[in-house]
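*Asks:* Sharing entry18.csv, CSV, N, CA and C atoms:
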chain,number,residue,atom,x,y,z
A,104,MET,N,0.8,-1.2,0.0
A,104,MET,CA,0.0,0.0,0.0
A,104,MET,C,0.9,1.2,0.0
A,105,PRO,N,0.7,2.2,-0.9
A,105,PRO,CA,1.5,3.4,-1.0
A,105,PRO,C,1.3,4.3,0.2
A,106,GLN,N,2.4,4.9,0.6
A,106,GLN,CA,2.4,5.9,1.7
A,106,GLN,C,1.8,7.2,1.3
A,107,HIS,N,1.1,7.8,2.1
A,107,HIS,CA,0.5,9.1,1.9
A,107,HIS,C,1.6,10.1,1.9
A,108,PRO,N,1.7,11.1,1.0
A,108,PRO,CA,2.7,12.1,1.0
A,108,PRO,C,2.8,13.0,2.3
A,109,LEU,N,1.7,13.1,3.0
A,109,LEU,CA,1.7,13.9,4.2
A,109,LEU,C,2.4,13.2,5.4
A,110,ASP,N,2.4,11.8,5.3
A,110,ASP,CA,3.1,11.0,6.4
A,110,ASP,C,4.6,11.3,6.4
A,111,ASN,N,5.2,11.4,5.2
A,111,ASN,CA,6.6,11.7,5.1
A,111,ASN,C,6.9,13.1,5.6
A,112,LYS,N,6.0,14.0,5.3
A,112,LYS,CA,6.3,15.4,5.7
A,112,LYS,C,6.2,15.5,7.2
A,113,GLU,N,5.3,14.8,7.9
A,113,GLU,CA,5.2,14.8,9.3
A,113,GLU,C,6.5,14.2,9.9
A,114,LYS,N,7.0,13.1,9.4
A,114,LYS,CA,8.2,12.5,9.9
A,114,LYS,C,9.4,13.4,9.7
A,115,PHE,N,9.4,14.1,8.5
A,115,PHE,CA,10.5,15.1,8.2
A,115,PHE,C,10.5,16.2,9.2
A,116,GLN,N,9.3,16.7,9.6
A,116,GLN,CA,9.2,17.8,10.5
A,116,GLN,C,9.6,17.4,11.9
A,117,LYS,N,9.2,16.1,12.3
A,117,LYS,CA,9.6,15.6,13.6
A,117,LYS,C,11.1,15.5,13.7
A,118,GLY,N,11.8,15.1,12.6
A,118,GLY,CA,13.2,15.0,12.6
A,118,GLY,C,13.9,16.4,12.8
A,119,TYR,N,13.3,17.4,12.2
A,119,TYR,CA,13.8,18.8,12.4
A,119,TYR,C,13.6,19.2,13.8
A,120,LEU,N,12.5,18.9,14.4
A,120,LEU,CA,12.2,19.2,15.8
A,120,LEU,C,13.2,18.5,16.7
A,121,ALA,N,13.5,17.3,16.5
A,121,ALA,CA,14.5,16.6,17.3
A,121,ALA,C,15.9,17.2,17.2
A,122,ILE,N,16.3,17.5,16.0
A,122,ILE,CA,17.6,18.2,15.8
A,122,ILE,C,17.6,19.5,16.5
A,123,PHE,N,16.6,20.3,16.3
A,123,PHE,CA,16.5,21.6,17.0
A,123,PHE,C,16.6,21.4,18.5
A,124,ALA,N,15.9,20.5,19.1
A,124,ALA,CA,15.9,20.2,20.5
A,124,ALA,C,17.4,19.8,21.0
A,125,VAL,N,18.0,19.0,20.2
A,125,VAL,CA,19.4,18.6,20.5
A,125,VAL,C,20.3,19.8,20.5
A,126,ILE,N,20.2,20.7,19.5
A,126,ILE,CA,21.0,21.9,19.3
A,126,ILE,C,20.8,22.8,20.5
A,127,MET,N,19.5,23.0,20.9
A,127,MET,CA,19.2,23.8,22.1
A,127,MET,C,19.8,23.3,23.4
A,128,VAL,N,19.8,22.0,23.6
A,128,VAL,CA,20.3,21.4,24.8
A,128,VAL,C,21.8,21.6,24.8
A,129,ILE,N,22.5,21.3,23.6
A,129,ILE,CA,23.9,21.5,23.6
A,129,ILE,C,24.3,23.0,23.8
A,130,SER,N,23.5,23.9,23.3
A,130,SER,CA,23.8,25.3,23.5
A,130,SER,C,23.7,25.7,24.9
A,131,VAL,N,22.7,25.2,25.6
A,131,VAL,CA,22.6,25.5,27.1
A,131,VAL,C,23.8,24.9,27.8
A,132,ILE,N,24.2,23.7,27.5
A,132,ILE,CA,25.4,23.1,28.2
A,132,ILE,C,26.6,23.9,27.9
A,133,LEU,N,26.8,24.3,26.6
A,133,LEU,CA,28.0,25.2,26.3
A,133,LEU,C,28.0,26.5,27.1
A,134,LEU,N,26.8,27.1,27.2
A,134,LEU,CA,26.7,28.3,27.9
A,134,LEU,C,27.0,28.2,29.4
A,135,LEU,N,26.6,27.1,30.0
A,135,LEU,CA,26.9,26.8,31.4
A,135,LEU,C,28.4,26.5,31.6
A,136,VAL,N,29.0,25.8,30.7
A,136,VAL,CA,30.5,25.5,30.7
A,136,VAL,C,31.2,26.8,30.6
A,137,LEU,N,30.8,27.7,29.6
A,137,LEU,CA,31.5,28.9,29.4
A,137,LEU,C,31.4,29.8,30.6
A,138,SER,N,30.2,29.9,31.2
A,138,SER,CA,30.1,30.8,32.4
A,138,SER,C,30.9,30.3,33.6
A,139,PHE,N,31.0,28.9,33.8
A,139,PHE,CA,31.8,28.4,34.9
A,139,PHE,C,33.3,28.6,34.6
A,140,SER,N,33.7,28.6,33.3
A,140,SER,CA,35.1,28.8,33.0
A,140,SER,C,35.5,30.3,33.2
A,141,VAL,N,34.6,31.2,32.9
A,141,VAL,CA,34.9,32.6,33.1
A,141,VAL,C,34.9,32.9,34.6
A,142,LYS,N,34.0,32.3,35.4
A,142,LYS,CA,34.0,32.5,36.8
A,142,LYS,C,35.3,31.9,37.5
A,143,SER,N,35.7,30.8,37.0
A,143,SER,CA,37.0,30.2,37.5
A,143,SER,C,38.2,31.0,37.2
A,144,TYR,N,38.2,31.6,36.0
A,144,TYR,CA,39.3,32.4,35.6
A,144,TYR,C,39.4,33.7,36.5
A,145,HIS,N,38.3,34.3,36.7
A,145,HIS,CA,38.3,35.5,37.6
A,145,HIS,C,38.6,35.1,39.0
A,146,SER,N,38.3,33.9,39.5
A,146,SER,CA,38.6,33.5,40.8
A,146,SER,C,40.1,33.3,40.9
A,147,ILE,N,40.7,32.7,39.8
A,147,ILE,CA,42.2,32.5,39.8
A,147,ILE,C,42.9,33.9,39.8
A,148,LEU,N,42.4,34.8,39.1
A,148,LEU,CA,43.0,36.1,39.1
A,148,LEU,C,43.0,36.8,40.4
A,149,ASN,N,41.8,36.7,41.1
A,149,ASN,CA,41.6,37.2,42.4
A,149,ASN,C,42.5,36.6,43.4
A,150,SER,N,42.7,35.3,43.4
A,150,SER,CA,43.5,34.6,44.3
A,150,SER,C,45.0,34.9,44.1
A,151,ARG,N,45.4,35.2,42.9
A,151,ARG,CA,46.8,35.6,42.6
A,151,ARG,C,47.0,37.0,43.2
A,152,GLY,N,46.0,37.9,43.1
A,152,GLY,CA,46.2,39.2,43.6
A,152,GLY,C,46.3,39.1,45.1
A,153,MET,N,45.5,38.3,45.8
A,153,MET,CA,45.6,38.1,47.2
A,153,MET,C,46.9,37.6,47.6
A,154,TYR,N,47.5,36.6,46.9
A,154,TYR,CA,48.8,36.0,47.1
A,154,TYR,C,49.8,37.1,47.1
A,155,LYS,N,49.8,38.0,46.0
A,155,LYS,CA,50.8,39.0,45.9
A,155,LYS,C,50.6,40.0,47.0
A,156,SER,N,49.4,40.3,47.4
A,156,SER,CA,49.2,41.3,48.5
A,156,SER,C,49.7,40.7,49.8
A,157,ASN,N,49.6,39.4,50.1
A,157,ASN,CA,50.1,38.8,51.3
A,157,ASN,C,51.7,38.8,51.2
A,158,GLN,N,52.2,38.7,50.1
A,158,GLN,CA,53.7,38.8,49.9
A,158,GLN,C,54.2,40.2,50.3
A,159,ALA,N,53.4,41.2,49.8
A,159,ALA,CA,53.8,42.6,50.1
A,159,ALA,C,53.7,42.9,51.6
A,160,LYS,N,52.7,42.3,52.2
A,160,LYS,CA,52.6,42.5,53.7
A,160,LYS,C,53.7,41.8,54.4
A,161,ALA,N,54.1,40.6,54.0
A,161,ALA,CA,55.2,39.9,54.6
A,161,ALA,C,56.5,40.7,54.4
A,162,LEU,N,56.7,41.4,53.3
A,162,LEU,CA,57.9,42.2,53.1
A,162,LEU,C,57.9,43.4,54.0
A,163,ALA,N,56.7,44.0,54.2
A,163,ALA,CA,56.6,45.2,55.1
A,163,ALA,C,56.9,44.8,56.5
A,164,ASN,N,56.4,43.6,56.9
A,164,ASN,CA,56.7,43.1,58.3
A,164,ASN,C,58.2,42.8,58.4
A,165,MET,N,58.8,42.3,57.4
A,165,MET,CA,60.2,41.9,57.4
A,165,MET,C,61.0,43.2,57.6
A,166,CYS,N,60.7,44.2,56.8
A,166,CYS,CA,61.5,45.5,57.0
A,166,CYS,C,61.2,46.1,58.3
A,167,GLY,N,60.0,46.0,58.9
A,167,GLY,CA,59.7,46.5,60.2
A,167,GLY,C,60.6,45.8,61.2
A,168,GLU,N,60.8,44.5,61.1
A,168,GLU,CA,61.6,43.7,62.0
A,168,GLU,C,63.1,44.2,61.8
A,169,TYR,N,63.5,44.4,60.6
A,169,TYR,CA,64.8,44.9,60.4
A,169,TYR,C,65.1,46.3,61.0
A,170,GLY,N,64.1,47.1,60.9
A,170,GLY,CA,64.2,48.4,61.6
A,170,GLY,C,64.3,48.3,63.1
A,171,LEU,N,63.5,47.3,63.7
A,171,LEU,CA,63.6,47.1,65.1
A,171,LEU,C,65.0,46.5,65.5
A,172,LYS,N,65.6,45.7,64.6
A,172,LYS,CA,66.9,45.2,64.9
A,172,LYS,C,67.9,46.3,64.9
A,173,GLN,N,67.8,47.3,64.0
A,173,GLN,CA,68.7,48.4,63.9
A,173,GLN,C,68.6,49.2,65.3
A,174,ILE,N,67.4,49.4,65.8
A,174,ILE,CA,67.2,50.1,67.1
A,174,ILE,C,67.9,49.3,68.2
A,175,ARG,N,67.7,47.9,68.2
A,175,ARG,CA,68.3,47.1,69.2
A,175,ARG,C,69.8,47.2,69.2
A,176,ASP,N,70.4,47.2,67.9
A,176,ASP,CA,71.9,47.2,67.8
A,176,ASP,C,72.4,48.6,68.2
A,177,LEU,N,71.7,49.7,67.9
A,177,LEU,CA,72.1,51.0,68.3
A,177,LEU,C,70.9,51.8,68.7
A,178,ASN,N,70.7,52.0,70.0
A,178,ASN,CA,69.4,52.5,70.5
A,178,ASN,C,69.2,54.0,70.1
A,179,THR,N,70.2,54.7,69.5
A,179,THR,CA,70.0,56.0,69.0
A,179,THR,C,69.8,56.1,67.5
A,180,PHE,N,69.6,54.9,66.9
A,180,PHE,CA,69.5,54.8,65.5
A,180,PHE,C,68.3,55.5,65.0
A,181,THR,N,68.4,56.3,63.9
A,181,THR,CA,67.3,56.9,63.1
A,181,THR,C,67.8,56.8,61.7
A,182,GLY,N,66.9,56.6,60.8
A,182,GLY,CA,67.3,56.5,59.4
A,182,GLY,C,66.4,55.6,58.6
A,183,SER,N,66.8,55.3,57.4
A,183,SER,CA,66.0,54.4,56.5
A,183,SER,C,66.9,53.6,55.6
A,184,ASN,N,66.3,52.6,55.1
A,184,ASN,CA,67.0,51.7,54.2
A,184,ASN,C,65.9,50.9,53.3
A,185,THR,N,66.4,50.5,52.1
A,185,THR,CA,65.6,49.7,51.2
A,185,THR,C,66.2,48.3,51.0
A,186,LEU,N,65.4,47.3,51.1
A,186,LEU,CA,65.9,45.9,51.0
A,186,LEU,C,65.2,45.3,49.8
A,187,THR,N,65.8,44.4,49.0
A,187,THR,CA,65.2,43.7,47.9
A,187,THR,C,65.3,42.2,48.2
A,188,LEU,N,64.1,41.6,48.0
A,188,LEU,CA,64.1,40.2,48.1
A,188,LEU,C,63.2,39.6,47.0
A,189,GLY,N,63.9,38.8,46.1
A,189,GLY,CA,63.2,38.3,45.0
A,189,GLY,C,62.6,39.4,44.1
A,190,SER,N,61.4,39.3,43.7
A,190,SER,CA,60.8,40.3,42.8
A,190,SER,C,60.2,41.5,43.6
A,191,GLY,N,60.3,41.5,44.9
A,191,GLY,CA,59.8,42.6,45.7
A,191,GLY,C,60.8,43.3,46.5
A,192,SER,N,60.4,44.4,47.1
A,192,SER,CA,61.3,45.2,47.9
A,192,SER,C,60.5,45.8,49.1
A,193,CYS,N,61.3,46.3,50.0
A,193,CYS,CA,60.7,46.9,51.2
A,193,CYS,C,61.5,48.1,51.7
A,194,THR,N,60.9,49.0,52.3
A,194,THR,CA,61.6,50.2,52.8
A,194,THR,C,61.2,50.4,54.3
A,195,TYR,N,62.1,50.7,55.1
A,195,TYR,CA,61.8,51.1,56.5
A,195,TYR,C,62.4,52.4,56.8
A,196,MET,N,61.7,53.2,57.7
A,196,MET,CA,62.3,54.4,58.2
A,196,MET,C,62.0,54.5,59.7
A,197,VAL,N,63.1,54.7,60.5
A,197,VAL,CA,63.0,54.8,61.9
A,197,VAL,C,63.1,56.3,62.3
A,198,SER,N,62.1,56.8,63.0
A,198,SER,CA,62.1,58.2,63.5
A,198,SER,C,62.1,58.3,65.0
A,199,ASP,N,62.8,59.2,65.5
A,199,ASP,CA,62.9,59.5,66.9
A,199,ASP,C,61.8,60.4,67.3
A,200,LEU,N,60.9,60.0,68.2
A,200,LEU,CA,59.8,60.8,68.7
A,200,LEU,C,60.1,61.5,70.0
A,201,GLY,N,61.3,61.3,70.5
A,201,GLY,CA,61.7,62.0,71.7
A,201,GLY,C,61.8,60.9,72.8
A,202,GLY,N,62.7,61.1,73.7
A,202,GLY,CA,63.0,60.2,74.8
A,202,GLY,C,63.4,58.8,74.2
A,203,THR,N,62.7,57.8,74.7
A,203,THR,CA,62.9,56.4,74.1
A,203,THR,C,61.9,56.0,73.1
A,204,ASN,N,61.0,56.9,72.7
A,204,ASN,CA,60.0,56.6,71.8
A,204,ASN,C,60.5,56.7,70.3
A,205,ARG,N,60.2,55.6,69.6
A,205,ARG,CA,60.5,55.6,68.2
A,205,ARG,C,59.3,55.1,67.4
A,206,GLN,N,59.4,55.5,66.1
A,206,GLN,CA,58.3,55.0,65.2
A,206,GLN,C,59.0,54.4,64.0
A,207,VAL,N,58.6,53.2,63.6
A,207,VAL,CA,59.2,52.5,62.4
A,207,VAL,C,58.0,52.5,61.4
A,208,ASN,N,58.2,53.1,60.3
A,208,ASN,CA,57.3,53.0,59.1
A,208,ASN,C,57.9,52.1,58.1
A,209,SER,N,57.2,51.1,57.7
A,209,SER,CA,57.7,50.1,56.8
A,209,SER,C,56.7,49.9,55.7
A,210,SER,N,57.2,49.7,54.4
A,210,SER,CA,56.3,49.4,53.3
A,210,SER,C,56.9,48.3,52.5
A,211,GLY,N,56.0,47.4,52.0
A,211,GLY,CA,56.5,46.3,51.1
A,211,GLY,C,55.8,46.4,49.8
A,212,VAL,N,56.6,46.2,48.7
A,212,VAL,CA,56.0,46.4,47.4
A,212,VAL,C,56.4,45.1,46.5
A,213,ILE,N,55.4,44.6,45.9
A,213,ILE,CA,55.6,43.5,44.9
A,213,ILE,C,54.5,43.7,43.8
A,214,ASN,N,55.0,43.7,42.6
A,214,ASN,CA,54.1,43.9,41.4
A,214,ASN,C,53.1,45.1,41.6
A,215,ASN,N,53.6,46.2,42.0
A,215,ASN,CA,52.8,47.4,42.2
A,215,ASN,C,51.8,47.3,43.3
A,216,ILE,N,51.8,46.3,44.1
A,216,ILE,CA,51.0,46.2,45.3
A,216,ILE,C,51.8,46.6,46.5
A,217,ILE,N,51.2,47.6,47.2
A,217,ILE,CA,51.9,48.2,48.4
A,217,ILE,C,51.2,47.9,49.7
A,218,ARG,N,51.8,47.4,50.7
A,218,ARG,CA,51.3,47.3,52.0
A,218,ARG,C,52.2,48.0,53.0
A,219,LYS,N,51.6,48.7,54.0
A,219,LYS,CA,52.3,49.5,54.9
A,219,LYS,C,52.1,49.1,56.3
A,220,VAL,N,53.1,49.2,57.2
A,220,VAL,CA,53.0,48.8,58.6
A,220,VAL,C,53.7,50.0,59.4
A,221,LYS,N,53.0,50.3,60.5
A,221,LYS,CA,53.5,51.3,61.4
A,221,LYS,C,53.8,50.7,62.8
A,222,ILE,N,55.0,50.8,63.3
A,222,ILE,CA,55.4,50.2,64.6
A,222,ILE,C,55.7,51.3,65.5
A,223,MET,N,55.1,51.3,66.7
A,223,MET,CA,55.4,52.3,67.7
A,223,MET,C,56.3,51.6,68.8
A,224,VAL,N,57.4,52.2,69.1
A,224,VAL,CA,58.3,51.7,70.2
A,224,VAL,C,58.3,52.7,71.3
A,225,VAL,N,58.1,52.1,72.6
A,225,VAL,CA,58.1,53.0,73.8
A,225,VAL,C,59.4,52.9,74.6
A,226,SER,N,60.2,51.9,74.3
A,226,SER,CA,61.4,51.7,75.1
A,226,SER,C,62.5,51.1,74.2
A,227,VAL,N,63.7,51.6,74.3
A,227,VAL,CA,64.8,51.0,73.5
A,227,VAL,C,65.9,50.3,74.3
A,228,ALA,N,65.9,50.5,75.6
A,228,ALA,CA,66.9,49.9,76.4
A,228,ALA,C,66.3,49.5,77.8
A,229,PRO,N,66.5,48.4,78.3
A,229,PRO,CA,67.5,47.4,77.9
A,229,PRO,C,67.0,46.5,76.8
A,230,ILE,N,65.7,46.5,76.6
A,230,ILE,CA,65.1,45.8,75.4
A,230,ILE,C,64.2,46.7,74.6
A,231,VAL,N,64.0,46.4,73.4
A,231,VAL,CA,63.1,47.2,72.6
A,231,VAL,C,61.7,46.7,72.9
A,232,THR,N,60.8,47.7,73.3
A,232,THR,CA,59.5,47.4,73.7
A,232,THR,C,58.5,48.0,72.6
A,233,VAL,N,57.7,47.2,72.0
A,233,VAL,CA,56.8,47.6,71.0
A,233,VAL,C,55.4,47.8,71.6
A,234,SER,N,54.8,49.0,71.4
A,234,SER,CA,53.5,49.2,72.0
A,234,SER,C,52.4,48.9,71.0
A,235,SER,N,52.7,49.1,69.7
A,235,SER,CA,51.7,48.8,68.7
A,235,SER,C,52.4,48.4,67.4
A,236,TRP,N,51.7,47.6,66.6
A,236,TRP,CA,52.2,47.1,65.3
A,236,TRP,C,51.0,46.9,64.5
A,237,GLN,N,50.7,47.8,63.6
A,237,GLN,CA,49.5,47.8,62.8
A,237,GLN,C,49.7,48.1,61.3
A,238,GLU,N,48.9,47.5,60.5
A,238,GLU,CA,48.9,47.9,59.1
A,238,GLU,C,48.1,49.1,58.9
A,239,VAL,N,48.6,50.0,58.1
A,239,VAL,CA,48.0,51.3,57.9
A,239,VAL,C,47.8,51.6,56.4
A,240,ALA,N,46.9,52.5,56.0
A,240,ALA,CA,46.7,52.9,54.6
A,240,ALA,C,47.8,53.8,54.2
A,241,ASP,N,48.2,54.7,55.1
A,241,ASP,CA,49.3,55.6,54.8
A,241,ASP,C,49.9,56.1,56.2
A,242,PHE,N,51.1,56.6,56.1
A,242,PHE,CA,51.8,57.0,57.3
A,242,PHE,C,51.5,58.4,57.8
Using structure tokens, write down the structure from this file.

*Replies:*
Amino acid sequence: MPQHPLDNKEKFQKGYLAIFAVIMVISVILLLVLSFSVKSYHSILNSRGMYKSNQAKALANMCGEYGLKQIRDLNTFTGSNTLTLGSGSCTYMVSDLGGTNRQVNSSGVINNIIRKVKIMVVSVAPIVTVSSWQEVADF
């Protein structure tokens, strides 16, 4: 018995509908994969920035410690110095605030990221006594 021409057209349209549905599902999956990839990329960039920021803070603390060592070695010390470690550097400056009070300003820099630390010293002899050690936005 011969097939009616409309039966083939219906099957043909159902085939197009199936292909369209498959393309839509694949498109949605690709969109999800792309959005997760972009989110992961931004997360990696953010974590690298945090890592560099933590390195800059460690450099600032290191220079602060070095400034305190200078005070311990010579309790009348005032002055500044810059140290380089790897791809970063740090600078400290020791100021005399009068009596046995000193202030150590220290900054660490790595990849244009700057972190700063201010250390207040209330006694230099017989031991160096720190009253505060805090990260600051500026000195």

*Asks:* Write down as a PyMOL selection string the residues belonging to segment 151-242 of chain A that are assigned helix (DSSP H, G or I) by DSSP computed on the backbone.

*Replies:* chain A and resi 151-176

*Asks:* Go through A:Leu137, A:Gly167, A:Val231, A:Lys142 and flag the residue nearest Asn208 of chain A, using only N, CA and C atoms for the distances.

*Replies:*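 Checking each of A:Leu137, A:Gly167, A:Val231, A:Lys142 against Asn208 of chain A, counting only N, CA and C atoms, the winner is A:Gly167.
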
*Asks:* So how far away is atom CA of Ile217 of chain A from atom CA of Ser150 of chain A, in Å?

*Replies:*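 Computing it gives 16.5 Å between the two atoms.
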
*Asks:* Compare A:Leu162, A:Leu171, A:Leu177, A:Val207 by their minimum atom-to-atom distance to Gly191 of chain A, counting only C-alpha atoms, and give me the closest one.

*Replies:*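 Going through A:Leu162, A:Leu171, A:Leu177, A:Val207 one by one, the smallest distance to Gly191 of chain A is for A:Leu162.
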
*Asks:* List as a PDB file with N, CA and C atoms, keeping the file's coordinate frame the protein and nucleic acid residues near Ser198 of chain A, meaning an atom at most 6 Å away when only C-alpha atoms are counted, but skip any in the same chain fewer than 6 places from it.

*Replies:*
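To be explicit, this is the file written out as selection.pdb:
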ATOM      1  N   THR A 181      68.400  56.300  63.900  1.00  0.00           N
ATOM      2  CA  THR A 181      67.300  56.900  63.100  1.00  0.00           C
ATOM      3  C   THR A 181      67.800  56.800  61.700  1.00  0.00           C
ATOM      4  N   ARG A 205      60.200  55.600  69.600  1.00  0.00           N
ATOM      5  CA  ARG A 205      60.500  55.600  68.200  1.00  0.00           C
ATOM      6  C   ARG A 205      59.300  55.100  67.400  1.00  0.00           C
ATOM      7  N   GLN A 206      59.400  55.500  66.100  1.00  0.00           N
ATOM      8  CA  GLN A 206      58.300  55.000  65.200  1.00  0.00           C
ATOM      9  C   GLN A 206      59.000  54.400  64.000  1.00  0.00           C
TER      10      GLN A 206
END

*Asks:* What is the distance between atom CA of Val212 of chain A and atom C of Ala159 of chain A, in Å to one decimal?

*Replies:*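 Going from atom CA of Val212 of chain A over to atom C of Ala159 of chain A, I get 5.9 Å.
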
*Asks:* For a cutoff of 7 Å around the file-coordinate point (47.3, 48.8, 54.5), which residues qualify once you count all atoms listed in the file? I'd like the result as JSON, numbers by chain.

*Replies:* {"A": [217, 218, 219, 220, 238, 239, 240, 241]}

*Asks:* Provide the atom C of Asp176 of chain A to atom CA of Gly189 of chain A distance in Å, to one decimal place.

*Replies:*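 Taking atom C of Asp176 of chain A as the start and atom CA of Gly189 of chain A as the end point, the length is 27.0 Å.
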
*Asks:* Using only N, CA and C atoms and a cutoff of 8 Å, can you tell me which residues are near (48.5, 46.2, 44.5) in the file's coordinates, and write them out as a ChimeraX atom specification?

*Replies:* /A:152,155-156,213-218

*Asks:* I'd like the contact shell of Tyr195 of chain A - 9 Å cut-off, only C-alpha atoms, skipping same-chain residues fewer than 6 positions apart - returned as an MDAnalysis selection string.

*Replies:* chainID A and resid 163 166:167 169:170 182:186 207:211

*Asks:* Let's have the selection written as a short mmCIF file (atom, residue, chain, number, x, y, z; two decimals), keeping the file's coordinate frame, with N, CA and C atoms.

*Replies:*
data_model
loop_
_atom_site.label_atom_id
_atom_site.label_comp_id
_atom_site.auth_asym_id
_atom_site.auth_seq_id
_atom_site.Cartn_x
_atom_site.Cartn_y
_atom_site.Cartn_z
N ALA A 163 56.70 44.00 54.20
CA ALA A 163 56.60 45.20 55.10
C ALA A 163 56.90 44.80 56.50
N CYS A 166 60.70 44.20 56.80
CA CYS A 166 61.50 45.50 57.00
C CYS A 166 61.20 46.10 58.30
N GLY A 167 60.00 46.00 58.90
CA GLY A 167 59.70 46.50 60.20
C GLY A 167 60.60 45.80 61.20
N TYR A 169 63.50 44.40 60.60
CA TYR A 169 64.80 44.90 60.40
C TYR A 169 65.10 46.30 61.00
N GLY A 170 64.10 47.10 60.90
CA GLY A 170 64.20 48.40 61.60
C GLY A 170 64.30 48.30 63.10
N GLY A 182 66.90 56.60 60.80
CA GLY A 182 67.30 56.50 59.40
C GLY A 182 66.40 55.60 58.60
N SER A 183 66.80 55.30 57.40
CA SER A 183 66.00 54.40 56.50
C SER A 183 66.90 53.60 55.60
N ASN A 184 66.30 52.60 55.10
CA ASN A 184 67.00 51.70 54.20
C ASN A 184 65.90 50.90 53.30
N THR A 185 66.40 50.50 52.10
CA THR A 185 65.60 49.70 51.20
C THR A 185 66.20 48.30 51.00
N LEU A 186 65.40 47.30 51.10
CA LEU A 186 65.90 45.90 51.00
C LEU A 186 65.20 45.30 49.80
N VAL A 207 58.60 53.20 63.60
CA VAL A 207 59.20 52.50 62.40
C VAL A 207 58.00 52.50 61.40
N ASN A 208 58.20 53.10 60.30
CA ASN A 208 57.30 53.00 59.10
C ASN A 208 57.90 52.10 58.10
N SER A 209 57.20 51.10 57.70
CA SER A 209 57.70 50.10 56.80
C SER A 209 56.70 49.90 55.70
N SER A 210 57.20 49.70 54.40
CA SER A 210 56.30 49.40 53.30
C SER A 210 56.90 48.30 52.50
N GLY A 211 56.00 47.40 52.00
CA GLY A 211 56.50 46.30 51.10
C GLY A 211 55.80 46.40 49.80
#

*Asks:* So which one's closest to Val227 of chain A, A:Leu200, A:Tyr144, A:Thr187, A:Thr179? Using only C-alpha atoms, please.

*Replies:*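 Among the listed residues, A:Thr179 lies closest to Val227 of chain A.
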
*Asks:* If you run DSSP on this backbone, which residues of chain A come out as strand (DSSP E), and could you give them as number ranges by chain?

*Replies:* A: 182-188, 191-201, 204-213, 216-226, 232-239

*Asks:* Select, from A:Val125, A:Val141, A:Val197, A:Leu120, the residue with the minimum atom-to-atom distance to Phe180 of chain A, counting only C-alpha atoms.

*Replies:* A:Val197
